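Student: The structure's right below; bear with me while I get my questions together.
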Amino acid sequence: MRWALVKVSLAVTAMVVVAFAVPLGLVIREMARDRAFSNAEREAAAVAPALSITTDREQLERVVASAGSDAGMAVHIPAPGAASGTGSGAEDAATGGPTDIGRQRATDEDIAAVRAMGRASTAEVGGGSTLLQPVALSSGEIAVVEVYVPESEVTNGVGTAWAVLAAVGAALIVGSVAVADRLGVRMVQPARRLVDGAHELGEGRLGARVPVEGPDELRRAAVAFNSMADQVVQLLANERELAADLSHRLRTPLTVLRLNAASLGDGPAAEQTRAAVEQLEREVDTIIRTARDAKPQTAAAGPGAGCDAAEVVRERMGFWSALAEDEGRKWRVAGADRPVRIPVARTDLAASLDALLGNVFRHTAEGTAFAVDLHNGEDAVIVLVSDAGSGIADPEAAMARGRGSGTDGSTGLGLDIVRRMAESTGGDVRIGSSVLGGTEVRIWIQLDGRTAPVRRGHRGAVRRRRQGRAQAQAHH
């Protein structure tokens with residue numbers, strides 16, 4: 001916008017300067033020409049009284065010399081009787097012939113034409129122009145006074161005038177560009193502050209505000225932006241308070257569950273129940289602390305942060321394996337036999353695996369097999385959770401937050417938890433068909449924060465998983 005204003009101002013000012021300076025320069029040139037010929041007319045008028053009195057050569061030479069223009073003035077007097085045709089133009093002055101005083105520059109034809117017309121005229125000659133002024137003599141003949149006007153007198157001061165006009169035009173252009181630039185800065189700076197504020201708010205800096213200044217339109221935009229930011233902060237605060245309050249309400253039923261679990265005695269099922277209640281209590285406490293502290297649950301991990309994905313997979317599969325044995329499900333884990341570091345918090349990965357495995361147990365029949373594969377690449381880690389169920393008819397709808405599957409107990413937030421965890425690293429989540437015949441959920445966890453590739457890595461991971469499936473199948 002700033003440079004657009006400068007360019008418009010430059011173009012408009014240049015057109016105005018050209019429109020006024022060029023005609024003014026031409027007028028100044030004509031004025032200089034008129035001034036030069038006016039001086040020549042005054043010089044010719046100074047000789048006219050003497051011609052009306054006498055035609056003596058010596059006296060006329062003194063008059064021309066006294067006018068100070070003997071080098072540029074000439075007087076042409078016809079022979080006596082030339083008007084009636086009795087004189088001869090070749091006769092000498094002593095015998096009554098024509099008299100010429102000074103240097104003649106005009107042609108005889110121009111002089112004769114002026115004498116015949118009886119009015120002043122100009123003629124172009126070498127180095128300038130001449131003014132030919134007719135003067136009536138006492139004898140009735142017409143004498144012609146010739147005054148030479150050099151080109152330097154015609155253009156005297158024109159060059160200086162053009163230089164002054166050019167300087168004034170340049171000053172006007174520079175001044176208009178400077179004013180337009182200042183106006184552009186006054187308009188652009190508030191717009192840039194508005195853009196910067198929008199970027200800061202989008203990056204999560206909720207305290208970003210925009211100063212209300214600049215033109216009226218930008219001032220109104222700044223007021224609207226600040227009002228929107230305040231509403232966003234208020235809505236987030238209300239959401240955090242609601243999450244904390246709802247989580248806090250879960251403490252009472254959790255306490256009852258913990259007391260009931262403590263009375264179950266010993267045994268694998270009792271231990272699993274107590275472990276699940278303890279984990280649920282930890283998750284509720286984490287939600288309350290996160291909501292109160294206004295911190296996101298999933299944040300980008302810094303250098304050295306994250307967890308061992310293989311360890312988390314083994315731990316969660318150890319938890320779900322007991323339920324799988326009760327329901328007669330075959331299960332398999334591959335790729336979790338060596339450490340795999342990922343930039344994701346341990347609790348976030350565990351919550352994502354629990355969400356996916358919980359969906360397997362919730363939406364597939366008892367006895368349906370499932371598998372978890374972990375693939376460690378150079379720039380990404382892929383976690384595959386697949387089952388042998390009936391599959392998902394509409395994967396896009398299943399990925400939509402809050403949509404769910406339409407069955408009882410489905411909120412549609414499980415896959416959203418997984419998606420947010422993957423996208424926090426620059427990865428993504430894809431739903432497709434598994435080799436077991438059911439659903440396959442692929443979690444792409446980016447290790448360097450770059451955008452995850454689309455299908456190429458996924459196909460490679462599937463091929464590697466198929467190659468290792470036969471070896472791991474013998475375990476169950």
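So you can find residues: chains in the structure tokens are A, B, ... in the order shown, residues in each start at 1, and ligands are numbered from 1 in order.
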Leaving out stretch 190-198 of chain A and any residue of its chain fewer than 2 positions from it, which residues lie within 12 Å of it when counting only C-alpha atoms, given as a compact mmCIF listing (two decimals) with C-alpha atoms, in the first residue's frame?
Tutor:
# COMPACT_ATOMS: atom_id res chain seq x y z
CA MET A 1 0.00 0.00 0.00
CA ARG A 2 2.82 2.39 0.88
CA LEU A 183 0.84 9.13 4.53
CA GLY A 184 1.58 5.57 3.44
CA VAL A 185 3.57 4.94 6.63
CA ARG A 186 0.69 6.33 8.67
CA MET A 187 -1.65 3.87 6.98
CA VAL A 188 0.67 0.87 6.71
CA GLU A 200 0.58 -13.48 17.92
CA LEU A 201 -2.98 -14.40 18.84
CA GLY A 202 -2.88 -17.31 16.43
CA GLU A 203 0.36 -18.54 18.03
CA GLY A 204 -1.31 -18.65 21.42
CA ARG A 205 -0.12 -15.35 22.93
CA LEU A 206 -3.48 -14.35 24.28
CA GLY A 207 -2.22 -11.03 25.64
CA ALA A 208 -1.65 -9.66 22.12
CA ARG A 209 -3.47 -6.37 21.56
CA VAL A 210 -3.32 -3.71 18.84
CA PRO A 211 -2.99 0.02 19.57
CA VAL A 212 -5.97 2.01 18.32
CA GLU A 213 -4.42 4.52 15.92
CA GLY A 214 -4.25 5.45 12.25
CA PRO A 215 -7.15 6.13 9.85
CA ASP A 216 -10.72 5.63 11.01
CA GLU A 217 -11.12 2.30 9.20
CA LEU A 218 -7.98 0.87 10.80
CA ARG A 219 -8.94 2.27 14.18
CA ARG A 220 -12.26 0.47 13.97
CA ALA A 221 -10.49 -2.71 12.88
CA ALA A 222 -8.13 -2.44 15.87
CA VAL A 223 -11.05 -1.96 18.25
CA ALA A 224 -12.81 -5.00 16.75
CA PHE A 225 -9.62 -7.09 16.97
CA ASN A 226 -9.05 -6.18 20.62
CA MET A 228 -12.37 -10.33 19.66
CA ALA A 229 -9.16 -11.13 21.57
Student: Closest to A:Ala380 among A:Glu396, A:Asp326, A:Asp448, A:Glu423, using only C-alpha atoms?
Tutor: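 Of all the options, A:Asp448 lies closest to A:Ala380.
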Student: What separation in Å, quoted to one decimal, exists between atom CA of A:Ala4 and atom CA of A:Ala171?
Tutor: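 Pair atom CA of A:Ala4 / atom CA of A:Ala171 returns 20.3 Å.
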Student: If you measure from atom CA of A:Arg314 to atom CA of A:Thr368, what distance in Å do you get, rounded to one decimal?
Tutor: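 Distance between the two atoms: 20.0 Å.
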Student: For stretch 261-273 of chain A, work out the shell of residues within 12 Å, counting only C-alpha atoms and skipping chain neighbours fewer than 6 positions away, then give it as a list in words.
Tutor: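 After dropping sequence-adjacent residues, the list is Leu254, Thr255, Gln279, Leu280, Arg316, Gly318, Phe319, Trp320, Ser321, Ala322, Leu323, Glu325 and Asp326 of chain A.
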Student: Quick one: everything within 7 Å of A:Val135, counting only C-alpha atoms, minus sequence neighbours fewer than 2 positions away in the same chain. Send it as a PyMOL selection string.
Tutor: chain A and resi 48+133+137+142-144
Student: Go ahead and write the selection's residues with all heavy atoms as a short mmCIF file (atom, residue, chain, number, x, y, z; two decimals), in the first residue's frame.
Tutor:
data_model
loop_
_atom_site.label_atom_id
_atom_site.label_comp_id
_atom_site.auth_asym_id
_atom_site.auth_seq_id
_atom_site.Cartn_x
_atom_site.Cartn_y
_atom_site.Cartn_z
N ALA A 48 13.40 56.99 -37.44
CA ALA A 48 12.31 57.47 -38.30
C ALA A 48 12.22 58.99 -38.34
O ALA A 48 12.03 59.58 -39.44
CB ALA A 48 10.99 56.85 -37.84
N GLN A 133 11.28 47.81 -41.03
CA GLN A 133 10.30 48.83 -40.67
C GLN A 133 10.23 49.88 -41.78
O GLN A 133 11.20 50.59 -42.06
CB GLN A 133 10.69 49.51 -39.36
CG GLN A 133 9.75 50.60 -38.89
CD GLN A 133 8.40 50.03 -38.44
OE1 GLN A 133 8.38 49.06 -37.73
NE2 GLN A 133 7.32 50.62 -38.90
N LEU A 137 9.16 59.00 -46.43
CA LEU A 137 10.03 60.17 -46.58
C LEU A 137 9.20 61.39 -46.99
O LEU A 137 8.04 61.27 -47.40
CB LEU A 137 11.10 59.88 -47.62
CG LEU A 137 12.01 58.67 -47.33
CD1 LEU A 137 13.00 58.48 -48.46
CD2 LEU A 137 12.73 58.84 -46.00
N ILE A 142 9.28 55.48 -49.85
CA ILE A 142 9.28 54.66 -48.64
C ILE A 142 10.69 54.14 -48.41
O ILE A 142 11.24 53.41 -49.23
CB ILE A 142 8.30 53.49 -48.74
CG1 ILE A 142 6.88 53.98 -49.03
CG2 ILE A 142 8.31 52.62 -47.47
CD1 ILE A 142 6.30 54.85 -47.93
N ALA A 143 11.27 54.55 -47.28
CA ALA A 143 12.55 53.99 -46.85
C ALA A 143 12.29 52.81 -45.91
O ALA A 143 11.24 52.72 -45.28
CB ALA A 143 13.39 55.05 -46.15
N VAL A 144 13.25 51.94 -45.84
CA VAL A 144 13.11 50.74 -44.97
C VAL A 144 14.28 50.73 -43.99
O VAL A 144 15.45 50.79 -44.39
CB VAL A 144 13.11 49.46 -45.81
CG1 VAL A 144 13.03 48.22 -44.88
CG2 VAL A 144 11.93 49.45 -46.78
#
